[in-house]
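K.L.:
Starting off with a structure, shown below.
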Amino acid sequence: MNTILPLIGRENELFSVDIDANENELKRIVSMSSFLVLGGAGSIGQAVTKEIFKRKPKKLHVVDISENNMVELVRDIRSSLGYLEGDFQTFALDIGSIEYDAFIASDGQYDYVLNLSALKHVRSEKDPFTLMRMIDVNIFNTEKTLRQSVAKEVKKYFCVSTDKAANPVNMMGASKRIMEMFLMRRSADINISTARFANVAFSDGSLLHGFDQRLKKQQPIVAPNDIKRYFVTPKESGELCLMSCIFGENRDIFFPKLSESLHLITFADIAVNYLKERGFEPFLCESEEEARQLAKTLPAKGQWPCLFTGSDTTGEKDFEEFFTEGETLDMTRFNNLGVIKNELVCDADLVNHFERSIKALKEKGLWDKQEIVELFFKMIPDFGHKETGKYLDGKM
């Protein structure tokens with residue numbers, strides 16, 4: 001059994017029935033196709049790359065800005081899956097760069113382009129400069145690679161979204177909702193599909209990944225005790241993306257069905273499960289200072305200092321949702337996958353206004369966060385953003 005599943009309160013893999021039912025067709029399509037995976041060395045990107053690789057594609061090229069993560073991806077694949085007869089190559093490139101443009105110009109012949117690159121952290125909205133980079137990565141790199149895919153006559157473009165794009169309350173989720181608008185605009189020129197899904201358990205930079213780091217460094221574990229989230233494993237994230245890419249019709253958005261098999265759990269409960277699995281009993285502390293001090297002595301006694309508190313930072317959503325009330329759903333095609341069906345509805349003037357406004361801010365050479373927030377509210381009138389003045393970087 002997947003060792004992550006017990007930590008997130010589950011016994012069974014989420015999409016195994018759907019994968020098994022469609023495996024022959026997945027293998028047939030992948031084995032006769034060529035793929036470009038963008039952001040392929042992140043947690044989701046690596047999972048998607050491995051799902052494609054093990055079905056023996058004709059061509060699989062992977063692009064990511066992180067040279068170190070790319071090295072680990074290749075080592076992981078060679079150590080677990082070995083080799084394939086097709087063309088497998090990795091490229092340490094920034095999607096926004098001229099070098100990437102030259103790479104696409106030199107080849108660019110792919111059946112499927114999968115864009116997994118993203119700034120995914122809610123904390124990225126704390127300052128106007130990181131926020132602008134988030135807009136570039138999540139929206140304008142998507143638009144750029146979409147245009148290139150159209151020009152190269154790519155069969156299908158897949159881009160990962162987020163559950164936080166449904167009725168967004170933070171700038172990250174709103175940026176992905178705006179990205180979906182850009183995708184819909186281009187869907188007149190190329191077949192697109194996407195996926196909204198839950199937190200990927202123990203993905204790079206996540207709070208759960210931080211548990212590993214805290215134990216390695218003998219530091220206390222901190223987690224909110226009032227926020228419940230749905231989690232998928234990295235493997236499940238790869239399966240969801242591949243299913244959407246291969247089987248999604250134009251403008252489809254795939255998501256995990258909410259059911260007993262997708263367990264809702266708090267971060268604090270996962271922390272307790274995690275510590276017990278590693279042989280420690282959690283010791284609940286009253287303050288950061290107490291937790292830091294006890295981290296020096298408690299582990300030797302089989303206990304680990306924990307600080308579980310309520311959440312009060314900007315951008316935290318009270319609950320997770322994968323679709324909104326007005327969206328049309330297909331809940332019958334798959335066992336544990338739901339599909340949002342979209343018509344070609346796009347306010348091109350509004351999307352063009354967003355492009356012009358961001359360009360004007362950049363040309364000005366300096367901007368503040370409020371200017372961007374106001375633009376987001378224009379794009380998403382019911383945007384539920386609330387500024388508390390507190391951010392995750394201000395906590396342990």
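Ordering of the structure tokens sets the chain letters (A, B, ...), residue numbers begin anew at 1 in every chain, and ligands are numbered from 1 in the order given.
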Contacts of segment 113-127 of chain A at 8 Å or less, counting only C-alpha atoms, minus same-chain residues fewer than 6 places along, as a compact mmCIF listing (two decimals) with N, CA, C and O atoms, in the first residue's frame?
P.N.:
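Final output, selection.txt:
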# COMPACT_ATOMS: atom_id res chain seq x y z
N PHE A 35 5.21 14.07 -26.28
CA PHE A 35 4.79 14.90 -25.16
C PHE A 35 5.86 15.93 -24.79
O PHE A 35 7.06 15.63 -24.82
N LEU A 36 5.40 17.12 -24.42
CA LEU A 36 6.24 18.13 -23.79
C LEU A 36 5.63 18.44 -22.43
O LEU A 36 4.46 18.84 -22.35
N VAL A 37 6.41 18.24 -21.37
CA VAL A 37 5.94 18.52 -20.01
C VAL A 37 6.69 19.75 -19.49
O VAL A 37 7.91 19.72 -19.36
N LEU A 38 5.96 20.80 -19.22
CA LEU A 38 6.53 22.05 -18.70
C LEU A 38 6.35 22.08 -17.18
O LEU A 38 5.30 21.72 -16.66
N GLY A 39 7.40 22.51 -16.48
CA GLY A 39 7.36 22.42 -15.02
C GLY A 39 7.41 20.98 -14.58
O GLY A 39 6.84 20.60 -13.55
N GLY A 40 8.15 20.16 -15.33
CA GLY A 40 8.15 18.73 -15.12
C GLY A 40 8.97 18.23 -13.96
O GLY A 40 8.97 17.04 -13.68
N GLY A 42 8.75 19.70 -10.80
CA GLY A 42 8.04 19.93 -9.55
C GLY A 42 7.35 18.65 -9.11
O GLY A 42 7.42 17.62 -9.79
N ILE A 44 4.13 17.72 -8.88
CA ILE A 44 3.10 17.23 -9.81
C ILE A 44 3.74 16.91 -11.16
O ILE A 44 3.43 15.89 -11.78
N GLY A 45 4.66 17.76 -11.60
CA GLY A 45 5.32 17.54 -12.89
C GLY A 45 6.07 16.22 -12.93
O GLY A 45 6.02 15.49 -13.93
N ASP A 64 12.09 22.39 -17.11
CA ASP A 64 11.88 22.95 -15.77
C ASP A 64 13.02 23.93 -15.47
O ASP A 64 14.16 23.74 -15.93
N MET A 134 4.05 35.81 -9.92
CA MET A 134 3.01 34.80 -9.94
C MET A 134 2.08 34.99 -11.13
O MET A 134 1.68 34.02 -11.79
N VAL A 137 4.02 33.77 -14.25
CA VAL A 137 4.16 32.32 -14.34
C VAL A 137 2.81 31.66 -14.58
O VAL A 137 2.66 30.82 -15.47
N ASN A 138 1.82 32.03 -13.77
CA ASN A 138 0.54 31.33 -13.82
C ASN A 138 -0.33 31.74 -15.00
O ASN A 138 -1.13 30.92 -15.48
N THR A 142 1.45 30.75 -19.44
CA THR A 142 0.42 29.88 -20.02
C THR A 142 -0.02 30.42 -21.37
O THR A 142 -0.10 29.67 -22.37
N SER A 149 1.91 26.65 -29.00
CA SER A 149 1.31 25.35 -29.31
C SER A 149 0.37 25.45 -30.51
O SER A 149 0.32 24.55 -31.36
N VAL A 154 -0.05 21.77 -32.22
CA VAL A 154 -0.15 20.77 -31.17
C VAL A 154 -1.60 20.28 -31.08
O VAL A 154 -2.54 21.06 -31.21
N LYS A 156 -3.21 18.87 -28.43
CA LYS A 156 -3.91 19.13 -27.17
C LYS A 156 -3.00 19.85 -26.19
O LYS A 156 -1.81 19.54 -26.08
N TYR A 157 -3.56 20.82 -25.47
CA TYR A 157 -2.82 21.57 -24.45
C TYR A 157 -3.52 21.36 -23.12
O TYR A 157 -4.71 21.65 -22.97
N PHE A 158 -2.78 20.85 -22.14
CA PHE A 158 -3.30 20.66 -20.79
C PHE A 158 -2.56 21.61 -19.85
O PHE A 158 -1.35 21.79 -19.94
N CYS A 159 -3.31 22.21 -18.94
CA CYS A 159 -2.69 23.09 -17.94
C CYS A 159 -3.34 22.82 -16.58
O CYS A 159 -4.57 22.74 -16.48
N VAL A 160 -2.54 22.68 -15.57
CA VAL A 160 -3.08 22.37 -14.25
C VAL A 160 -3.64 23.64 -13.61
O VAL A 160 -3.06 24.72 -13.70
N ASN A 170 -8.01 33.93 -2.41
CA ASN A 170 -6.63 34.40 -2.36
C ASN A 170 -6.14 34.71 -3.77
O ASN A 170 -6.74 34.30 -4.77
N MET A 171 -5.04 35.44 -3.85
CA MET A 171 -4.54 35.90 -5.15
C MET A 171 -4.03 34.73 -5.99
O MET A 171 -4.12 34.75 -7.21
N MET A 172 -3.48 33.69 -5.33
CA MET A 172 -3.02 32.53 -6.08
C MET A 172 -4.20 31.86 -6.79
O MET A 172 -4.16 31.58 -7.99
N GLY A 173 -5.27 31.59 -6.04
CA GLY A 173 -6.45 30.98 -6.64
C GLY A 173 -7.05 31.86 -7.72
O GLY A 173 -7.48 31.37 -8.77
N CYS A 245 -5.66 15.14 -19.65
CA CYS A 245 -4.95 15.45 -20.89
C CYS A 245 -5.39 14.52 -22.03
O CYS A 245 -5.65 14.98 -23.14
N GLY A 315 -5.73 34.83 2.98
CA GLY A 315 -5.87 33.92 1.85
C GLY A 315 -6.26 32.51 2.18
O GLY A 315 -6.41 31.69 1.27
N GLU A 316 -6.43 32.18 3.47
CA GLU A 316 -6.82 30.82 3.82
C GLU A 316 -8.32 30.64 3.60
O GLU A 316 -9.13 31.43 4.09
N LYS A 369 0.64 46.64 -4.46
CA LYS A 369 -0.24 45.46 -4.42
C LYS A 369 -1.69 45.85 -4.68
O LYS A 369 -2.43 45.12 -5.35
N TYR A 391 0.67 37.04 7.25
CA TYR A 391 1.04 36.09 6.22
C TYR A 391 1.82 34.93 6.84
O TYR A 391 2.37 35.04 7.93
N LEU A 392 1.87 33.82 6.10
CA LEU A 392 2.51 32.62 6.62
C LEU A 392 4.00 32.84 6.92
O LEU A 392 4.55 32.18 7.80
N ASP A 393 4.64 33.76 6.19
CA ASP A 393 6.05 34.02 6.44
C ASP A 393 6.29 34.64 7.81
O ASP A 393 7.42 34.69 8.30
K.L.:
Write out as a PyMOL selection string the residues lying within 6 Å of segment 77-93 of chain A, counting only C-alpha atoms and excluding same-chain residues fewer than 6 positions away.
P.N.:
chain A and resi 58-65+67
K.L.:
Identify, on the basis of only C-alpha atoms, every residue whose closest approach to Leu240 of chain A does not exceed 9 Å; exclude the query and any residue fewer than 4 positions from it along the same chain; express the result as a ChimeraX atom specification.
P.N.:
/A:15,48,195,197,235-236,244-245,254-256,337
K.L.:
How would the residues just picked look written out with N, CA and C atoms as a PDB file, in the first residue's frame?
P.N.:
ATOM      1  N   PHE A  15      -7.940   6.831  -7.737  1.00  0.00           N
ATOM      2  CA  PHE A  15      -8.348   6.714  -9.132  1.00  0.00           C
ATOM      3  C   PHE A  15      -8.077   5.337  -9.741  1.00  0.00           C
ATOM      4  N   VAL A  48       3.494  13.402 -13.204  1.00  0.00           N
ATOM      5  CA  VAL A  48       2.940  13.316 -14.554  1.00  0.00           C
ATOM      6  C   VAL A  48       3.964  12.701 -15.501  1.00  0.00           C
ATOM      7  N   ALA A 195      -7.319  20.600 -14.868  1.00  0.00           N
ATOM      8  CA  ALA A 195      -7.735  19.840 -13.688  1.00  0.00           C
ATOM      9  C   ALA A 195      -7.657  20.728 -12.463  1.00  0.00           C
ATOM     10  N   PHE A 197      -7.624  20.134  -8.382  1.00  0.00           N
ATOM     11  CA  PHE A 197      -7.578  19.041  -7.416  1.00  0.00           C
ATOM     12  C   PHE A 197      -7.078  19.495  -6.066  1.00  0.00           C
ATOM     13  N   LYS A 235       1.335  10.434  -6.864  1.00  0.00           N
ATOM     14  CA  LYS A 235       0.955   9.521  -7.950  1.00  0.00           C
ATOM     15  C   LYS A 235      -0.448   9.833  -8.456  1.00  0.00           C
ATOM     16  N   GLU A 236      -1.379  10.078  -7.522  1.00  0.00           N
ATOM     17  CA  GLU A 236      -2.754  10.399  -7.916  1.00  0.00           C
ATOM     18  C   GLU A 236      -2.832  11.709  -8.675  1.00  0.00           C
ATOM     19  N   SER A 244      -7.039  13.771 -17.651  1.00  0.00           N
ATOM     20  CA  SER A 244      -7.620  14.974 -18.239  1.00  0.00           C
ATOM     21  C   SER A 244      -6.992  15.285 -19.585  1.00  0.00           C
ATOM     22  N   CYS A 245      -5.659  15.140 -19.648  1.00  0.00           N
ATOM     23  CA  CYS A 245      -4.946  15.446 -20.893  1.00  0.00           C
ATOM     24  C   CYS A 245      -5.386  14.523 -22.029  1.00  0.00           C
ATOM     25  N   PHE A 254     -11.219  18.504 -15.114  1.00  0.00           N
ATOM     26  CA  PHE A 254     -11.376  17.289 -14.306  1.00  0.00           C
ATOM     27  C   PHE A 254     -11.135  17.633 -12.834  1.00  0.00           C
ATOM     28  N   PHE A 255     -11.794  16.886 -11.947  1.00  0.00           N
ATOM     29  CA  PHE A 255     -11.585  17.071 -10.509  1.00  0.00           C
ATOM     30  C   PHE A 255     -11.931  15.775  -9.780  1.00  0.00           C
ATOM     31  N   PRO A 256     -11.403  15.568  -8.558  1.00  0.00           N
ATOM     32  CA  PRO A 256     -11.757  14.376  -7.789  1.00  0.00           C
ATOM     33  C   PRO A 256     -13.174  14.523  -7.242  1.00  0.00           C
ATOM     34  N   LEU A 337     -13.765  10.449 -10.833  1.00  0.00           N
ATOM     35  CA  LEU A 337     -13.415  11.705 -11.484  1.00  0.00           C
ATOM     36  C   LEU A 337     -14.686  12.410 -11.949  1.00  0.00           C
TER      37      LEU A 337
END
K.L.:
Which of these residues is nearest to Val169 of chain A, using only C-alpha atoms: A:Met32, A:Glu321, A:Ala291, A:Thr3?
P.N.:
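For Val169 of chain A, the nearest of the given residues is A:Glu321.
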K.L.:
May I ask for the distance between atom CA of Ile270 of chain A and atom CA of Gly9 of chain A, given in Å to one decimal place?
P.N.:
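So the two atoms, atom CA of Ile270 of chain A and atom CA of Gly9 of chain A, lie 7.9 Å apart.
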K.L.:
Excluding Pro224 of chain A and any residue of its chain fewer than 3 positions from it, enumerate the residues within 8 Å of it, using only C-alpha atoms, and give them as a list in words.
P.N.:
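These residues fall inside the cut-off: Ile227, Thr266, Phe267, Ala268, Phe308, Thr309, Gly310 and Ser311 of chain A.
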K.L.:
Which residues, written as a list in words, have at least one atom at most 6 Å from Ser193 of chain A, with only C-alpha atoms counted and residues fewer than 4 positions away on the same chain left out?
P.N.:
Phe158, Gly248, Asn250, Arg251, Asp252 and Ile253 of chain A
K.L.:
Go ahead and write the selection's residues with N, CA and C atoms as a tab-separated table (two decimals), in the first residue's frame.
P.N.:
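Full text of again_32.tsv as output:
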chain	number	residue	atom	x	y	z
A	158	PHE	N	-2.78	20.85	-22.14
A	158	PHE	CA	-3.30	20.66	-20.79
A	158	PHE	C	-2.56	21.61	-19.85
A	248	GLY	N	-9.86	14.27	-21.74
A	248	GLY	CA	-10.68	15.47	-21.62
A	248	GLY	C	-11.07	16.03	-22.98
A	250	ASN	N	-12.57	19.25	-25.32
A	250	ASN	CA	-12.17	20.66	-25.31
A	250	ASN	C	-12.91	21.43	-24.21
A	251	ARG	N	-12.13	22.12	-23.39
A	251	ARG	CA	-12.61	22.98	-22.30
A	251	ARG	C	-13.04	22.21	-21.05
A	252	ASP	N	-12.81	20.89	-20.99
A	252	ASP	CA	-13.15	20.12	-19.79
A	252	ASP	C	-12.20	20.43	-18.64
A	253	ILE	N	-12.75	20.45	-17.43
A	253	ILE	CA	-11.96	20.57	-16.21
A	253	ILE	C	-12.25	19.33	-15.36
K.L.:
Calculate how many Å separate atom CA of His353 of chain A from atom CA of Lys155 of chain A, rounding to one decimal.
P.N.:
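If I compute the distance from atom CA of His353 of chain A to atom CA of Lys155 of chain A, I get 28.6 Å.
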K.L.:
DSSP on the backbone: what in segment 311-375 of chain A comes out alpha helix (DSSP H), as an mmCIF file with N, CA and C atoms, in the first residue's frame?
P.N.:
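Writing done, so here's part-v4.cif:
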data_model
loop_
_atom_site.group_PDB
_atom_site.id
_atom_site.type_symbol
_atom_site.label_atom_id
_atom_site.label_comp_id
_atom_site.auth_asym_id
_atom_site.auth_seq_id
_atom_site.Cartn_x
_atom_site.Cartn_y
_atom_site.Cartn_z
ATOM 1 N N ALA A 348 -13.684 38.477 -24.167
ATOM 2 C CA ALA A 348 -12.372 38.795 -24.753
ATOM 3 C C ALA A 348 -11.927 40.209 -24.381
ATOM 4 N N ASP A 349 -12.861 41.144 -24.295
ATOM 5 C CA ASP A 349 -12.510 42.527 -23.940
ATOM 6 C C ASP A 349 -11.919 42.584 -22.532
ATOM 7 N N LEU A 350 -12.506 41.806 -21.621
ATOM 8 C CA LEU A 350 -12.017 41.799 -20.239
ATOM 9 C C LEU A 350 -10.620 41.187 -20.168
ATOM 10 N N VAL A 351 -10.408 40.083 -20.875
ATOM 11 C CA VAL A 351 -9.087 39.437 -20.897
ATOM 12 C C VAL A 351 -8.053 40.380 -21.515
ATOM 13 N N ASN A 352 -8.427 41.046 -22.609
ATOM 14 C CA ASN A 352 -7.515 42.004 -23.244
ATOM 15 C C ASN A 352 -7.196 43.169 -22.312
ATOM 16 N N HIS A 353 -8.189 43.607 -21.552
ATOM 17 C CA HIS A 353 -7.975 44.692 -20.588
ATOM 18 C C HIS A 353 -6.958 44.276 -19.533
ATOM 19 N N PHE A 354 -7.048 43.033 -19.067
ATOM 20 C CA PHE A 354 -6.096 42.538 -18.076
ATOM 21 C C PHE A 354 -4.683 42.561 -18.644
ATOM 22 N N GLU A 355 -4.515 42.076 -19.868
ATOM 23 C CA GLU A 355 -3.193 42.075 -20.503
ATOM 24 C C GLU A 355 -2.627 43.485 -20.606
ATOM 25 N N ARG A 356 -3.458 44.412 -21.080
ATOM 26 C CA ARG A 356 -2.993 45.805 -21.243
ATOM 27 C C ARG A 356 -2.640 46.434 -19.902
ATOM 28 N N SER A 357 -3.446 46.155 -18.888
ATOM 29 C CA SER A 357 -3.239 46.781 -17.572
ATOM 30 C C SER A 357 -1.951 46.287 -16.918
ATOM 31 N N ILE A 358 -1.688 44.983 -16.989
ATOM 32 C CA ILE A 358 -0.451 44.441 -16.426
ATOM 33 C C ILE A 358 0.758 44.982 -17.193
ATOM 34 N N LYS A 359 0.630 45.060 -18.508
ATOM 35 C CA LYS A 359 1.729 45.606 -19.322
ATOM 36 C C LYS A 359 2.022 47.048 -18.924
ATOM 37 N N ALA A 360 0.970 47.841 -18.675
ATOM 38 C CA ALA A 360 1.145 49.242 -18.288
ATOM 39 C C ALA A 360 1.843 49.352 -16.928
ATOM 40 N N LEU A 361 1.489 48.482 -15.995
ATOM 41 C CA LEU A 361 2.138 48.498 -14.683
ATOM 42 C C LEU A 361 3.619 48.190 -14.813
ATOM 43 N N LYS A 362 3.943 47.204 -15.655
ATOM 44 C CA LYS A 362 5.346 46.836 -15.844
ATOM 45 C C LYS A 362 6.122 47.970 -16.509
ATOM 46 N N GLU A 363 5.510 48.607 -17.500
ATOM 47 C CA GLU A 363 6.188 49.705 -18.196
ATOM 48 C C GLU A 363 6.425 50.883 -17.265
ATOM 49 N N LYS A 364 5.541 51.051 -16.279
ATOM 50 C CA LYS A 364 5.712 52.110 -15.281
ATOM 51 C C LYS A 364 6.946 51.841 -14.423
ATOM 52 N N LYS A 369 0.636 46.638 -4.463
ATOM 53 C CA LYS A 369 -0.244 45.464 -4.419
ATOM 54 C C LYS A 369 -1.694 45.854 -4.683
ATOM 55 N N GLN A 370 -2.102 47.014 -4.184
ATOM 56 C CA GLN A 370 -3.504 47.414 -4.311
ATOM 57 C C GLN A 370 -3.916 47.567 -5.769
ATOM 58 N N GLU A 371 -3.004 48.038 -6.612
ATOM 59 C CA GLU A 371 -3.315 48.164 -8.034
ATOM 60 C C GLU A 371 -3.644 46.810 -8.656
ATOM 61 N N ILE A 372 -2.892 45.787 -8.247
ATOM 62 C CA ILE A 372 -3.125 44.449 -8.781
ATOM 63 C C ILE A 372 -4.407 43.861 -8.197
ATOM 64 N N VAL A 373 -4.622 44.073 -6.894
ATOM 65 C CA VAL A 373 -5.844 43.566 -6.257
ATOM 66 C C VAL A 373 -7.082 44.149 -6.931
ATOM 67 N N GLU A 374 -7.059 45.447 -7.207
ATOM 68 C CA GLU A 374 -8.209 46.086 -7.865
ATOM 69 C C GLU A 374 -8.441 45.513 -9.259
ATOM 70 N N LEU A 375 -7.369 45.194 -9.966
ATOM 71 C CA LEU A 375 -7.499 44.593 -11.297
ATOM 72 C C LEU A 375 -8.095 43.189 -11.189
#
K.L.:
Compare A:Ser43, A:Thr130, A:Asn12, A:Ser66 by their minimum atom-to-atom distance to His209 of chain A, counting only C-alpha atoms, and give me the closest one.
P.N.:
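Of A:Ser43, A:Thr130, A:Asn12, A:Ser66, the one nearest His209 of chain A, counting only C-alpha atoms, is A:Ser43.
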K.L.:
Find the spatial neighbours of segment 178-180 of chain A, counting only C-alpha atoms, within a cut-off of 9 Å - ignore same-chain residues fewer than 6 positions away - and output them as a compact mmCIF listing (two decimals) with N, CA, C and O atoms, in the first residue's frame.
P.N.:
# COMPACT_ATOMS: atom_id res chain seq x y z
N ILE A 135 1.76 36.22 -11.44
CA ILE A 135 0.92 36.52 -12.61
C ILE A 135 1.64 36.11 -13.89
O ILE A 135 1.04 35.51 -14.79
N ASN A 138 1.82 32.03 -13.77
CA ASN A 138 0.54 31.33 -13.82
C ASN A 138 -0.33 31.74 -15.00
O ASN A 138 -1.13 30.92 -15.48
N ILE A 139 -0.20 32.97 -15.47
CA ILE A 139 -1.09 33.45 -16.53
C ILE A 139 -0.36 33.67 -17.84
O ILE A 139 -0.69 33.07 -18.87
N PHE A 140 0.68 34.51 -17.84
CA PHE A 140 1.27 34.91 -19.11
C PHE A 140 2.20 33.85 -19.71
O PHE A 140 2.30 33.75 -20.94
N THR A 142 1.45 30.75 -19.44
CA THR A 142 0.42 29.88 -20.02
C THR A 142 -0.02 30.42 -21.37
O THR A 142 -0.10 29.67 -22.37
N GLU A 143 -0.30 31.70 -21.44
CA GLU A 143 -0.73 32.31 -22.71
C GLU A 143 0.36 32.18 -23.78
O GLU A 143 0.08 31.86 -24.95
N CYS A 159 -3.31 22.21 -18.94
CA CYS A 159 -2.69 23.09 -17.94
C CYS A 159 -3.34 22.82 -16.58
O CYS A 159 -4.57 22.74 -16.48
N SER A 161 -4.81 23.51 -12.99
CA SER A 161 -5.41 24.60 -12.25
C SER A 161 -5.37 24.25 -10.77
O SER A 161 -4.44 23.57 -10.31
N ALA A 165 -9.24 27.90 -7.45
CA ALA A 165 -9.79 28.74 -8.52
C ALA A 165 -11.31 28.78 -8.48
O ALA A 165 -11.93 29.64 -9.12
N THR A 194 -8.06 20.91 -18.42
CA THR A 194 -7.33 21.24 -17.21
C THR A 194 -7.85 20.38 -16.06
O THR A 194 -8.70 19.51 -16.25
N VAL A 351 -10.41 40.08 -20.87
CA VAL A 351 -9.09 39.44 -20.90
C VAL A 351 -8.05 40.38 -21.51
O VAL A 351 -6.93 40.51 -21.00
N PHE A 376 -7.69 42.45 -10.17
CA PHE A 376 -8.25 41.11 -9.96
C PHE A 376 -9.75 41.20 -9.66
O PHE A 376 -10.53 40.36 -10.13
N MET A 379 -11.61 41.58 -12.82
CA MET A 379 -11.70 40.32 -13.56
C MET A 379 -12.69 39.35 -12.90
O MET A 379 -13.39 38.60 -13.57
N ILE A 380 -12.71 39.35 -11.56
CA ILE A 380 -13.56 38.43 -10.80
C ILE A 380 -14.38 39.26 -9.81
O ILE A 380 -13.96 39.46 -8.65
K.L.:
Which residues are close to segment 23-27 of chain A, i.e. within 8 Å by only C-alpha atoms, leaving aside same-chain residues fewer than 6 positions away? Reply as a list in words.
P.N.:
Arg55, Lys56 and Ile246 of chain A
K.L.:
Go ahead and save the residues from that selection, with N, CA and C atoms, as a compact mmCIF listing (two decimals), in the first residue's frame.
P.N.:
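Writing the result to again.txt gives the following:
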# COMPACT_ATOMS: atom_id res chain seq x y z
N ARG A 55 4.38 4.43 -19.78
CA ARG A 55 3.53 3.93 -20.87
C ARG A 55 4.22 4.08 -22.23
N LYS A 56 5.54 4.32 -22.19
CA LYS A 56 6.43 4.23 -23.35
C LYS A 56 6.04 5.15 -24.52
N ILE A 246 -5.47 13.23 -21.75
CA ILE A 246 -5.76 12.26 -22.80
C ILE A 246 -7.26 12.17 -23.11
K.L.:
Which of segment 135-343 of chain A end up as strand (DSSP E or B) when DSSP is run on this backbone - answer as an MDAnalysis selection string?
P.N.:
chainID A and resid 156:160 191:195 199:200 221:224 228:232 252:256 264:266 281:284 303:309 328:330 337:341
K.L.:
Between atom CA of Met243 of chain A and atom CA of Asp101 of chain A, what is the distance, to one decimal in Å?
P.N.:
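Between atom CA of Met243 of chain A and atom CA of Asp101 of chain A the gap is 28.0 Å.
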